[in-house]
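Below is the file start30.cif, which contains mmCIF, N, CA and C atoms.
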```cif
data_protein
loop_
_atom_site.label_atom_id
_atom_site.label_comp_id
_atom_site.auth_asym_id
_atom_site.auth_seq_id
_atom_site.Cartn_x
_atom_site.Cartn_y
_atom_site.Cartn_z
N MET M 1151 0.81 -1.18 0.00
CA MET M 1151 0.00 0.00 0.00
C MET M 1151 0.87 1.26 0.00
N LYS M 1152 2.02 1.18 0.64
CA LYS M 1152 2.92 2.33 0.66
C LYS M 1152 3.42 2.62 -0.76
N ALA M 1153 3.67 1.60 -1.54
CA ALA M 1153 4.12 1.80 -2.92
C ALA M 1153 3.04 2.52 -3.74
N ILE M 1154 1.79 2.18 -3.51
CA ILE M 1154 0.68 2.85 -4.22
C ILE M 1154 0.65 4.32 -3.83
N GLU M 1155 0.81 4.60 -2.54
CA GLU M 1155 0.83 5.99 -2.09
C GLU M 1155 1.97 6.77 -2.75
N GLU M 1156 3.16 6.18 -2.80
CA GLU M 1156 4.30 6.86 -3.41
C GLU M 1156 4.07 7.10 -4.90
N LEU M 1157 3.54 6.10 -5.59
CA LEU M 1157 3.27 6.26 -7.03
C LEU M 1157 2.24 7.35 -7.26
N ASN M 1158 1.17 7.35 -6.46
CA ASN M 1158 0.14 8.38 -6.60
C ASN M 1158 0.69 9.77 -6.33
N GLU M 1159 1.57 9.90 -5.35
CA GLU M 1159 2.19 11.18 -5.04
C GLU M 1159 3.04 11.69 -6.20
N GLU M 1160 3.58 10.76 -6.99
CA GLU M 1160 4.40 11.12 -8.15
C GLU M 1160 3.57 11.27 -9.42
N GLY M 1161 2.24 11.19 -9.28
CA GLY M 1161 1.36 11.38 -10.42
C GLY M 1161 1.06 10.14 -11.23
N ILE M 1162 1.47 8.99 -10.72
CA ILE M 1162 1.18 7.72 -11.39
C ILE M 1162 -0.01 7.09 -10.69
N LYS M 1163 -1.13 7.00 -11.39
CA LYS M 1163 -2.33 6.43 -10.79
C LYS M 1163 -2.14 4.92 -10.65
N ALA M 1164 -2.23 4.44 -9.42
CA ALA M 1164 -2.00 3.03 -9.14
C ALA M 1164 -3.12 2.48 -8.28
N GLY M 1165 -3.38 1.21 -8.44
CA GLY M 1165 -4.38 0.51 -7.65
C GLY M 1165 -3.87 -0.88 -7.30
N TYR M 1166 -4.72 -1.66 -6.66
CA TYR M 1166 -4.29 -2.96 -6.14
C TYR M 1166 -5.46 -3.93 -6.18
N TYR M 1167 -5.22 -5.12 -6.68
CA TYR M 1167 -6.21 -6.19 -6.65
C TYR M 1167 -5.48 -7.44 -6.16
N HIS M 1168 -5.95 -8.00 -5.08
CA HIS M 1168 -5.31 -9.17 -4.48
C HIS M 1168 -6.21 -10.39 -4.69
N ILE M 1169 -5.68 -11.38 -5.38
CA ILE M 1169 -6.41 -12.64 -5.53
C ILE M 1169 -6.17 -13.44 -4.25
N ARG M 1170 -7.19 -13.57 -3.45
CA ARG M 1170 -7.06 -14.22 -2.14
C ARG M 1170 -7.27 -15.73 -2.19
N MET M 1171 -7.98 -16.20 -3.19
CA MET M 1171 -8.18 -17.64 -3.32
C MET M 1171 -8.31 -17.97 -4.80
N PHE M 1172 -7.95 -19.18 -5.15
CA PHE M 1172 -7.98 -19.58 -6.55
C PHE M 1172 -9.15 -20.52 -6.86
N ILE M 1173 -9.71 -21.14 -5.83
CA ILE M 1173 -10.87 -22.00 -6.03
C ILE M 1173 -11.91 -21.62 -4.99
N PRO M 1174 -13.06 -21.11 -5.35
CA PRO M 1174 -13.42 -20.74 -6.72
C PRO M 1174 -12.68 -19.46 -7.13
N PHE M 1175 -12.33 -19.39 -8.39
CA PHE M 1175 -11.60 -18.23 -8.88
C PHE M 1175 -12.53 -17.02 -8.95
N PRO M 1176 -12.06 -15.83 -8.52
CA PRO M 1176 -12.91 -14.64 -8.51
C PRO M 1176 -13.05 -14.02 -9.90
N ARG M 1177 -13.59 -14.78 -10.82
CA ARG M 1177 -13.69 -14.39 -12.24
C ARG M 1177 -14.42 -13.06 -12.43
N ASN M 1178 -15.60 -12.93 -11.85
CA ASN M 1178 -16.39 -11.72 -12.08
C ASN M 1178 -15.72 -10.48 -11.48
N SER M 1179 -15.20 -10.62 -10.30
CA SER M 1179 -14.55 -9.50 -9.62
C SER M 1179 -13.31 -9.03 -10.37
N LEU M 1180 -12.47 -9.97 -10.81
CA LEU M 1180 -11.26 -9.62 -11.54
C LEU M 1180 -11.60 -9.03 -12.90
N THR M 1181 -12.58 -9.58 -13.57
CA THR M 1181 -12.99 -9.04 -14.87
C THR M 1181 -13.50 -7.62 -14.73
N LYS M 1182 -14.29 -7.36 -13.70
CA LYS M 1182 -14.79 -6.00 -13.46
C LYS M 1182 -13.63 -5.04 -13.21
N PHE M 1183 -12.69 -5.44 -12.36
CA PHE M 1183 -11.52 -4.60 -12.06
C PHE M 1183 -10.72 -4.32 -13.33
N ALA M 1184 -10.45 -5.35 -14.11
CA ALA M 1184 -9.67 -5.20 -15.35
C ALA M 1184 -10.35 -4.27 -16.33
N ASN M 1185 -11.66 -4.37 -16.44
CA ASN M 1185 -12.40 -3.49 -17.34
C ASN M 1185 -12.38 -2.04 -16.87
N GLU M 1186 -12.38 -1.83 -15.56
CA GLU M 1186 -12.35 -0.47 -15.02
C GLU M 1186 -11.01 0.21 -15.27
N VAL M 1187 -9.91 -0.52 -15.11
CA VAL M 1187 -8.59 0.10 -15.25
C VAL M 1187 -8.00 -0.06 -16.64
N GLY M 1188 -8.52 -0.99 -17.41
CA GLY M 1188 -7.99 -1.27 -18.74
C GLY M 1188 -6.92 -2.34 -18.67
N THR M 1189 -7.05 -3.36 -19.47
CA THR M 1189 -6.12 -4.49 -19.38
C THR M 1189 -4.69 -4.10 -19.73
N ALA M 1190 -4.50 -3.07 -20.52
CA ALA M 1190 -3.14 -2.62 -20.86
C ALA M 1190 -2.43 -2.03 -19.65
N ASN M 1191 -3.17 -1.67 -18.62
CA ASN M 1191 -2.58 -1.07 -17.42
C ASN M 1191 -2.32 -2.08 -16.30
N LEU M 1192 -2.64 -3.34 -16.53
CA LEU M 1192 -2.45 -4.35 -15.49
C LEU M 1192 -1.01 -4.82 -15.43
N ILE M 1193 -0.50 -4.96 -14.21
CA ILE M 1193 0.84 -5.51 -13.98
C ILE M 1193 0.70 -6.58 -12.90
N ALA M 1194 1.10 -7.79 -13.21
CA ALA M 1194 1.10 -8.86 -12.20
C ALA M 1194 2.34 -8.68 -11.32
N VAL M 1195 2.15 -8.62 -10.01
CA VAL M 1195 3.25 -8.53 -9.06
C VAL M 1195 3.20 -9.81 -8.24
N GLU M 1196 4.23 -10.65 -8.42
CA GLU M 1196 4.17 -11.97 -7.82
C GLU M 1196 5.51 -12.41 -7.25
N HIS M 1197 5.43 -13.32 -6.29
CA HIS M 1197 6.62 -13.90 -5.67
C HIS M 1197 6.91 -15.28 -6.27
N ASN M 1198 6.97 -15.34 -7.57
CA ASN M 1198 7.43 -16.56 -8.24
C ASN M 1198 7.91 -16.20 -9.63
N TYR M 1199 8.78 -17.00 -10.18
CA TYR M 1199 9.47 -16.69 -11.43
C TYR M 1199 8.54 -16.58 -12.64
N MET M 1200 7.53 -17.41 -12.69
CA MET M 1200 6.69 -17.51 -13.89
C MET M 1200 5.44 -16.64 -13.88
N ALA M 1201 5.18 -15.88 -12.83
CA ALA M 1201 3.95 -15.09 -12.72
C ALA M 1201 2.74 -16.00 -12.94
N GLN M 1202 2.67 -17.03 -12.16
CA GLN M 1202 1.66 -18.08 -12.34
C GLN M 1202 0.24 -17.59 -12.10
N ALA M 1203 0.02 -16.67 -11.19
CA ALA M 1203 -1.34 -16.17 -10.94
C ALA M 1203 -1.87 -15.45 -12.17
N ALA M 1204 -1.00 -14.74 -12.88
CA ALA M 1204 -1.42 -14.07 -14.12
C ALA M 1204 -1.85 -15.09 -15.17
N LYS M 1205 -1.13 -16.20 -15.24
CA LYS M 1205 -1.50 -17.26 -16.18
C LYS M 1205 -2.84 -17.89 -15.79
N LEU M 1206 -3.04 -18.09 -14.50
CA LEU M 1206 -4.31 -18.64 -14.02
C LEU M 1206 -5.45 -17.66 -14.28
N ALA M 1207 -5.18 -16.37 -14.13
CA ALA M 1207 -6.20 -15.36 -14.43
C ALA M 1207 -6.58 -15.43 -15.90
N ALA M 1208 -5.62 -15.60 -16.78
CA ALA M 1208 -5.90 -15.72 -18.21
C ALA M 1208 -6.74 -16.96 -18.51
N MET M 1209 -6.42 -18.06 -17.85
CA MET M 1209 -7.17 -19.29 -18.06
C MET M 1209 -8.62 -19.15 -17.61
N ASN M 1210 -8.86 -18.41 -16.52
CA ASN M 1210 -10.20 -18.31 -15.96
C ASN M 1210 -11.02 -17.16 -16.50
N THR M 1211 -10.37 -16.13 -17.04
CA THR M 1211 -11.11 -14.94 -17.49
C THR M 1211 -10.88 -14.58 -18.94
N GLY M 1212 -9.80 -15.08 -19.52
CA GLY M 1212 -9.43 -14.68 -20.88
C GLY M 1212 -8.66 -13.37 -20.90
N ILE M 1213 -8.43 -12.78 -19.74
CA ILE M 1213 -7.70 -11.52 -19.64
C ILE M 1213 -6.21 -11.82 -19.57
N MET M 1214 -5.48 -11.29 -20.53
CA MET M 1214 -4.04 -11.48 -20.56
C MET M 1214 -3.36 -10.34 -19.81
N ILE M 1215 -2.60 -10.68 -18.80
CA ILE M 1215 -1.80 -9.70 -18.08
C ILE M 1215 -0.38 -9.86 -18.59
N ASN M 1216 0.01 -8.97 -19.49
CA ASN M 1216 1.26 -9.11 -20.22
C ASN M 1216 2.46 -8.46 -19.55
N LYS M 1217 2.24 -7.77 -18.45
CA LYS M 1217 3.34 -7.11 -17.74
C LYS M 1217 3.47 -7.75 -16.36
N SER M 1218 4.71 -7.92 -15.92
CA SER M 1218 4.88 -8.54 -14.60
C SER M 1218 6.11 -8.00 -13.89
N ILE M 1219 6.00 -8.03 -12.58
CA ILE M 1219 7.12 -7.74 -11.68
C ILE M 1219 7.20 -8.94 -10.76
N VAL M 1220 8.34 -9.61 -10.79
CA VAL M 1220 8.47 -10.84 -10.01
C VAL M 1220 9.69 -10.79 -9.10
N LYS M 1221 9.59 -11.53 -8.01
CA LYS M 1221 10.72 -11.72 -7.10
C LYS M 1221 10.62 -13.16 -6.61
N TYR M 1222 11.71 -13.89 -6.74
CA TYR M 1222 11.65 -15.30 -6.37
C TYR M 1222 12.82 -15.70 -5.47
N THR M 1223 13.27 -14.75 -4.67
CA THR M 1223 14.38 -15.01 -3.75
C THR M 1223 13.90 -15.51 -2.39
N GLY M 1224 12.61 -15.43 -2.14
CA GLY M 1224 12.09 -15.79 -0.83
C GLY M 1224 12.09 -14.60 0.13
N ARG M 1225 12.63 -13.48 -0.30
CA ARG M 1225 12.66 -12.26 0.51
C ARG M 1225 11.45 -11.40 0.17
N PRO M 1226 11.03 -10.52 1.07
CA PRO M 1226 9.88 -9.66 0.78
C PRO M 1226 10.21 -8.65 -0.33
N MET M 1227 9.19 -8.17 -0.98
CA MET M 1227 9.35 -7.13 -1.98
C MET M 1227 9.33 -5.80 -1.25
N TYR M 1228 10.37 -5.01 -1.44
CA TYR M 1228 10.48 -3.73 -0.75
C TYR M 1228 9.85 -2.62 -1.56
N VAL M 1229 9.37 -1.60 -0.86
CA VAL M 1229 8.65 -0.50 -1.50
C VAL M 1229 9.48 0.14 -2.59
N HIS M 1230 10.73 0.47 -2.29
CA HIS M 1230 11.55 1.18 -3.27
C HIS M 1230 11.78 0.37 -4.54
N GLU M 1231 11.94 -0.95 -4.42
CA GLU M 1231 12.17 -1.74 -5.62
C GLU M 1231 10.88 -1.92 -6.42
N LEU M 1232 9.75 -1.99 -5.72
CA LEU M 1232 8.48 -2.11 -6.41
C LEU M 1232 8.14 -0.82 -7.15
N VAL M 1233 8.33 0.31 -6.49
CA VAL M 1233 8.05 1.61 -7.13
C VAL M 1233 8.93 1.78 -8.36
N SER M 1234 10.20 1.47 -8.24
CA SER M 1234 11.12 1.58 -9.37
C SER M 1234 10.72 0.67 -10.52
N ALA M 1235 10.33 -0.56 -10.21
CA ALA M 1235 9.94 -1.52 -11.24
C ALA M 1235 8.65 -1.08 -11.94
N VAL M 1236 7.68 -0.59 -11.18
CA VAL M 1236 6.42 -0.12 -11.78
C VAL M 1236 6.71 1.03 -12.74
N LYS M 1237 7.55 1.97 -12.32
CA LYS M 1237 7.89 3.11 -13.19
C LYS M 1237 8.54 2.63 -14.48
N ASN M 1238 9.45 1.67 -14.37
CA ASN M 1238 10.12 1.16 -15.55
C ASN M 1238 9.15 0.48 -16.50
N VAL M 1239 8.24 -0.32 -15.96
CA VAL M 1239 7.25 -1.00 -16.80
C VAL M 1239 6.30 0.02 -17.45
N MET M 1240 5.87 1.01 -16.67
CA MET M 1240 4.93 2.00 -17.20
C MET M 1240 5.59 2.91 -18.25
N ARG M 1241 6.89 3.13 -18.15
CA ARG M 1241 7.62 3.91 -19.15
C ARG M 1241 7.80 3.13 -20.44
N GLY M 1242 7.55 1.84 -20.38
CA GLY M 1242 7.74 1.01 -21.56
C GLY M 1242 9.14 0.44 -21.64
N GLY M 1243 9.89 0.57 -20.55
CA GLY M 1243 11.26 0.05 -20.52
C GLY M 1243 11.32 -1.46 -20.66
N SER M 1244 10.31 -2.14 -20.14
CA SER M 1244 10.24 -3.60 -20.25
C SER M 1244 8.83 -4.04 -19.91
N THR M 1245 8.53 -5.28 -20.22
CA THR M 1245 7.24 -5.83 -19.83
C THR M 1245 7.39 -6.76 -18.64
N ARG M 1246 8.65 -7.02 -18.26
CA ARG M 1246 8.92 -7.93 -17.14
C ARG M 1246 10.11 -7.38 -16.34
N GLU M 1247 9.91 -7.23 -15.06
CA GLU M 1247 10.98 -6.78 -14.17
C GLU M 1247 11.20 -7.86 -13.12
N VAL M 1248 12.44 -8.23 -12.93
CA VAL M 1248 12.80 -9.18 -11.89
C VAL M 1248 13.54 -8.38 -10.82
N VAL M 1249 12.97 -8.32 -9.62
CA VAL M 1249 13.58 -7.56 -8.54
C VAL M 1249 14.26 -8.54 -7.59
N SER M 1250 15.33 -8.07 -6.94
CA SER M 1250 16.09 -9.00 -6.10
C SER M 1250 16.77 -8.33 -4.93
N TYR M 1251 16.35 -7.15 -4.54
CA TYR M 1251 16.99 -6.46 -3.43
C TYR M 1251 16.94 -7.33 -2.18
N GLY M 1252 18.05 -7.39 -1.47
CA GLY M 1252 18.11 -8.14 -0.22
C GLY M 1252 18.42 -9.61 -0.40
N ALA M 1253 18.67 -10.01 -1.64
CA ALA M 1253 18.93 -11.44 -1.89
C ALA M 1253 20.34 -11.82 -1.53
#
```
Show this structure as structure tokens.
Amino acid sequence: MKAIEELNEEGIKAGYYHIRMFIPFPRNSLTKFANEVGTANLIAVEHNYMAQAAKLAAMNTGIMINKSIVKYTGRPMYVHELVSAVKNVMRGGSTREVVSYGA
């Protein structure tokens, strides 16, 4: 949530959707959220190499989340690295950011 506050303060509109369970998959809720923000603005932020939740979302909703920020070191994702990665993805620098601070 702190990363969202920092991004908003810098003029980057950011939001958050947390998939809390996969069965039953929250298809309607995620589809509504994606339609509100636009699928081009979605970034999967995950603690695994393959961004598996984004793939599961595509399987259940047909919504492709083509941008991702991943960390797979087992360490928490820190605010500064998340903010930096979001900025890079939103600038078009990449569609995938692998963060590793503290590894």
| message | At a cut-off of 7 Å, using only N, CA and C atoms, what residues contact Val1220 (chain M)? Leave out same-chain residues fewer than 3 positions from it and give the result as a PyMOL selection string. | response | chain M and resi 1194-1199+1201+1223+1246-1250
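Across the model, the gap from CA of Val1236 (chain M) to CA of Asn1216 (chain M) is 13.4 Å.
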| said: Please enumerate the residues selected by the PyMOL selection byres (((chain M and resi 1159-1173 and name CA) around 10) and name CA) when evaluated against the supplied file, formatted as a PyMOL selection string. | reply: chain M and resi 1151+1153-1158+1174-1177+1179-1180+1183-1184+1187+1191-1195+1203+1206-1207+1210+1236-1237+1240
Next, the residues of the selection above should be written as a JSON list (two decimals), in the frame of the given file with N, CA and C atoms.
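Output file again.json is given in full below:
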```json
[["chain", "number", "residue", "atom", "x", "y", "z"],
["M", 1151, "MET", "N", 0.81, -1.18, 0.00],
["M", 1151, "MET", "CA", 0.00, 0.00, 0.00],
["M", 1151, "MET", "C", 0.87, 1.26, 0.00],
["M", 1153, "ALA", "N", 3.67, 1.60, -1.54],
["M", 1153, "ALA", "CA", 4.12, 1.80, -2.92],
["M", 1153, "ALA", "C", 3.04, 2.52, -3.74],
["M", 1154, "ILE", "N", 1.79, 2.18, -3.51],
["M", 1154, "ILE", "CA", 0.68, 2.85, -4.22],
["M", 1154, "ILE", "C", 0.65, 4.32, -3.83],
["M", 1155, "GLU", "N", 0.81, 4.60, -2.54],
["M", 1155, "GLU", "CA", 0.83, 5.99, -2.09],
["M", 1155, "GLU", "C", 1.97, 6.77, -2.75],
["M", 1156, "GLU", "N", 3.16, 6.18, -2.80],
["M", 1156, "GLU", "CA", 4.30, 6.86, -3.41],
["M", 1156, "GLU", "C", 4.07, 7.10, -4.90],
["M", 1157, "LEU", "N", 3.54, 6.10, -5.59],
["M", 1157, "LEU", "CA", 3.27, 6.26, -7.03],
["M", 1157, "LEU", "C", 2.24, 7.35, -7.26],
["M", 1158, "ASN", "N", 1.17, 7.35, -6.46],
["M", 1158, "ASN", "CA", 0.14, 8.38, -6.60],
["M", 1158, "ASN", "C", 0.69, 9.77, -6.33],
["M", 1174, "PRO", "N", -13.06, -21.11, -5.35],
["M", 1174, "PRO", "CA", -13.42, -20.74, -6.72],
["M", 1174, "PRO", "C", -12.68, -19.46, -7.13],
["M", 1175, "PHE", "N", -12.33, -19.39, -8.39],
["M", 1175, "PHE", "CA", -11.60, -18.23, -8.88],
["M", 1175, "PHE", "C", -12.53, -17.02, -8.95],
["M", 1176, "PRO", "N", -12.06, -15.83, -8.52],
["M", 1176, "PRO", "CA", -12.91, -14.64, -8.51],
["M", 1176, "PRO", "C", -13.05, -14.02, -9.90],
["M", 1177, "ARG", "N", -13.59, -14.78, -10.82],
["M", 1177, "ARG", "CA", -13.69, -14.39, -12.24],
["M", 1177, "ARG", "C", -14.42, -13.06, -12.43],
["M", 1179, "SER", "N", -15.20, -10.62, -10.30],
["M", 1179, "SER", "CA", -14.55, -9.50, -9.62],
["M", 1179, "SER", "C", -13.31, -9.03, -10.37],
["M", 1180, "LEU", "N", -12.47, -9.97, -10.81],
["M", 1180, "LEU", "CA", -11.26, -9.62, -11.54],
["M", 1180, "LEU", "C", -11.60, -9.03, -12.90],
["M", 1183, "PHE", "N", -12.69, -5.44, -12.36],
["M", 1183, "PHE", "CA", -11.52, -4.60, -12.06],
["M", 1183, "PHE", "C", -10.72, -4.32, -13.33],
["M", 1184, "ALA", "N", -10.45, -5.35, -14.11],
["M", 1184, "ALA", "CA", -9.67, -5.20, -15.35],
["M", 1184, "ALA", "C", -10.35, -4.27, -16.33],
["M", 1187, "VAL", "N", -9.91, -0.52, -15.11],
["M", 1187, "VAL", "CA", -8.59, 0.10, -15.25],
["M", 1187, "VAL", "C", -8.00, -0.06, -16.64],
["M", 1191, "ASN", "N", -3.17, -1.67, -18.62],
["M", 1191, "ASN", "CA", -2.58, -1.07, -17.42],
["M", 1191, "ASN", "C", -2.32, -2.08, -16.30],
["M", 1192, "LEU", "N", -2.64, -3.34, -16.53],
["M", 1192, "LEU", "CA", -2.45, -4.35, -15.49],
["M", 1192, "LEU", "C", -1.01, -4.82, -15.43],
["M", 1193, "ILE", "N", -0.50, -4.96, -14.21],
["M", 1193, "ILE", "CA", 0.84, -5.51, -13.98],
["M", 1193, "ILE", "C", 0.70, -6.58, -12.90],
["M", 1194, "ALA", "N", 1.10, -7.79, -13.21],
["M", 1194, "ALA", "CA", 1.10, -8.86, -12.20],
["M", 1194, "ALA", "C", 2.34, -8.68, -11.32],
["M", 1195, "VAL", "N", 2.15, -8.62, -10.01],
["M", 1195, "VAL", "CA", 3.25, -8.53, -9.06],
["M", 1195, "VAL", "C", 3.20, -9.81, -8.24],
["M", 1203, "ALA", "N", 0.02, -16.67, -11.19],
["M", 1203, "ALA", "CA", -1.34, -16.17, -10.94],
["M", 1203, "ALA", "C", -1.87, -15.45, -12.17],
["M", 1206, "LEU", "N", -3.04, -18.09, -14.50],
["M", 1206, "LEU", "CA", -4.31, -18.64, -14.02],
["M", 1206, "LEU", "C", -5.45, -17.66, -14.28],
["M", 1207, "ALA", "N", -5.18, -16.37, -14.13],
["M", 1207, "ALA", "CA", -6.20, -15.36, -14.43],
["M", 1207, "ALA", "C", -6.58, -15.43, -15.90],
["M", 1210, "ASN", "N", -8.86, -18.41, -16.52],
["M", 1210, "ASN", "CA", -10.20, -18.31, -15.96],
["M", 1210, "ASN", "C", -11.02, -17.16, -16.50],
["M", 1236, "VAL", "N", 7.68, -0.59, -11.18],
["M", 1236, "VAL", "CA", 6.42, -0.12, -11.78],
["M", 1236, "VAL", "C", 6.71, 1.03, -12.74],
["M", 1237, "LYS", "N", 7.55, 1.97, -12.32],
["M", 1237, "LYS", "CA", 7.89, 3.11, -13.19],
["M", 1237, "LYS", "C", 8.54, 2.63, -14.48],
["M", 1240, "MET", "N", 5.87, 1.01, -16.67],
["M", 1240, "MET", "CA", 4.93, 2.00, -17.20],
["M", 1240, "MET", "C", 5.59, 2.91, -18.25]]
```
| query | What does the distance from atom N of Tyr1251 (chain M) to atom N of Met1227 (chain M) come to in Å, to one decimal? | reply |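 Interatomic distance, atom N of Tyr1251 (chain M) to atom N of Met1227 (chain M): 8.1 Å.
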| task | Run DSSP on the backbone and grab whatever in chain M lands in strand (DSSP E or B); send it over as a count of residues only. | result | 9
| request: If you run DSSP over the backbone, which residues in region 1180-1248 of chain M end up alpha helix (DSSP H)? Put them as a PyMOL selection string. | output: chain M and resi 1180-1187+1202-1211+1229-1240
Write the residues of the selection above to a file with N, CA and C atoms, as a CSV table (one decimal), in the coordinates of the input.
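Contents of out26.csv, as written:
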```
chain,number,residue,atom,x,y,z
M,1180,LEU,N,-12.5,-10.0,-10.8
M,1180,LEU,CA,-11.3,-9.6,-11.5
M,1180,LEU,C,-11.6,-9.0,-12.9
M,1181,THR,N,-12.6,-9.6,-13.6
M,1181,THR,CA,-13.0,-9.0,-14.9
M,1181,THR,C,-13.5,-7.6,-14.7
M,1182,LYS,N,-14.3,-7.4,-13.7
M,1182,LYS,CA,-14.8,-6.0,-13.5
M,1182,LYS,C,-13.6,-5.0,-13.2
M,1183,PHE,N,-12.7,-5.4,-12.4
M,1183,PHE,CA,-11.5,-4.6,-12.1
M,1183,PHE,C,-10.7,-4.3,-13.3
M,1184,ALA,N,-10.4,-5.4,-14.1
M,1184,ALA,CA,-9.7,-5.2,-15.4
M,1184,ALA,C,-10.4,-4.3,-16.3
M,1185,ASN,N,-11.7,-4.4,-16.4
M,1185,ASN,CA,-12.4,-3.5,-17.3
M,1185,ASN,C,-12.4,-2.0,-16.9
M,1186,GLU,N,-12.4,-1.8,-15.6
M,1186,GLU,CA,-12.4,-0.5,-15.0
M,1186,GLU,C,-11.0,0.2,-15.3
M,1187,VAL,N,-9.9,-0.5,-15.1
M,1187,VAL,CA,-8.6,0.1,-15.2
M,1187,VAL,C,-8.0,-0.1,-16.6
M,1202,GLN,N,2.7,-17.0,-12.2
M,1202,GLN,CA,1.7,-18.1,-12.3
M,1202,GLN,C,0.2,-17.6,-12.1
M,1203,ALA,N,0.0,-16.7,-11.2
M,1203,ALA,CA,-1.3,-16.2,-10.9
M,1203,ALA,C,-1.9,-15.4,-12.2
M,1204,ALA,N,-1.0,-14.7,-12.9
M,1204,ALA,CA,-1.4,-14.1,-14.1
M,1204,ALA,C,-1.8,-15.1,-15.2
M,1205,LYS,N,-1.1,-16.2,-15.2
M,1205,LYS,CA,-1.5,-17.3,-16.2
M,1205,LYS,C,-2.8,-17.9,-15.8
M,1206,LEU,N,-3.0,-18.1,-14.5
M,1206,LEU,CA,-4.3,-18.6,-14.0
M,1206,LEU,C,-5.4,-17.7,-14.3
M,1207,ALA,N,-5.2,-16.4,-14.1
M,1207,ALA,CA,-6.2,-15.4,-14.4
M,1207,ALA,C,-6.6,-15.4,-15.9
M,1208,ALA,N,-5.6,-15.6,-16.8
M,1208,ALA,CA,-5.9,-15.7,-18.2
M,1208,ALA,C,-6.7,-17.0,-18.5
M,1209,MET,N,-6.4,-18.1,-17.8
M,1209,MET,CA,-7.2,-19.3,-18.1
M,1209,MET,C,-8.6,-19.2,-17.6
M,1210,ASN,N,-8.9,-18.4,-16.5
M,1210,ASN,CA,-10.2,-18.3,-16.0
M,1210,ASN,C,-11.0,-17.2,-16.5
M,1211,THR,N,-10.4,-16.1,-17.0
M,1211,THR,CA,-11.1,-14.9,-17.5
M,1211,THR,C,-10.9,-14.6,-18.9
M,1229,VAL,N,9.4,-1.6,-0.9
M,1229,VAL,CA,8.6,-0.5,-1.5
M,1229,VAL,C,9.5,0.1,-2.6
M,1230,HIS,N,10.7,0.5,-2.3
M,1230,HIS,CA,11.6,1.2,-3.3
M,1230,HIS,C,11.8,0.4,-4.5
M,1231,GLU,N,11.9,-1.0,-4.4
M,1231,GLU,CA,12.2,-1.7,-5.6
M,1231,GLU,C,10.9,-1.9,-6.4
M,1232,LEU,N,9.8,-2.0,-5.7
M,1232,LEU,CA,8.5,-2.1,-6.4
M,1232,LEU,C,8.1,-0.8,-7.2
M,1233,VAL,N,8.3,0.3,-6.5
M,1233,VAL,CA,8.0,1.6,-7.1
M,1233,VAL,C,8.9,1.8,-8.4
M,1234,SER,N,10.2,1.5,-8.2
M,1234,SER,CA,11.1,1.6,-9.4
M,1234,SER,C,10.7,0.7,-10.5
M,1235,ALA,N,10.3,-0.6,-10.2
M,1235,ALA,CA,9.9,-1.5,-11.2
M,1235,ALA,C,8.6,-1.1,-11.9
M,1236,VAL,N,7.7,-0.6,-11.2
M,1236,VAL,CA,6.4,-0.1,-11.8
M,1236,VAL,C,6.7,1.0,-12.7
M,1237,LYS,N,7.6,2.0,-12.3
M,1237,LYS,CA,7.9,3.1,-13.2
M,1237,LYS,C,8.5,2.6,-14.5
M,1238,ASN,N,9.4,1.7,-14.4
M,1238,ASN,CA,10.1,1.2,-15.6
M,1238,ASN,C,9.2,0.5,-16.5
M,1239,VAL,N,8.2,-0.3,-16.0
M,1239,VAL,CA,7.2,-1.0,-16.8
M,1239,VAL,C,6.3,0.0,-17.4
M,1240,MET,N,5.9,1.0,-16.7
M,1240,MET,CA,4.9,2.0,-17.2
M,1240,MET,C,5.6,2.9,-18.2
```
| query | Between M:Met1200, M:Ala1190, M:Lys1152, M:Ser1244, which has the minimum distance to Tyr1222 (chain M) (counting only N, CA and C atoms)? | reply | M:Met1200
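For the pair atom C of Ile1219 (chain M) and atom N of Glu1186 (chain M), the separation is 21.4 Å.
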| field | Residue nearest Arg1225 (chain M) among M:Gly1188, M:Gly1252, M:Arg1241, M:Gln1202 (counting only N, CA and C atoms) | value |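 That would be M:Gly1252, the residue with the smallest distance to Arg1225 (chain M).
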| request: Pick out the closest residue to Asn1178 (chain M) from this set: M:Ala1204, M:Val1233, M:Thr1211, M:Ala1253. Count all atoms listed in the file. | output: M:Thr1211
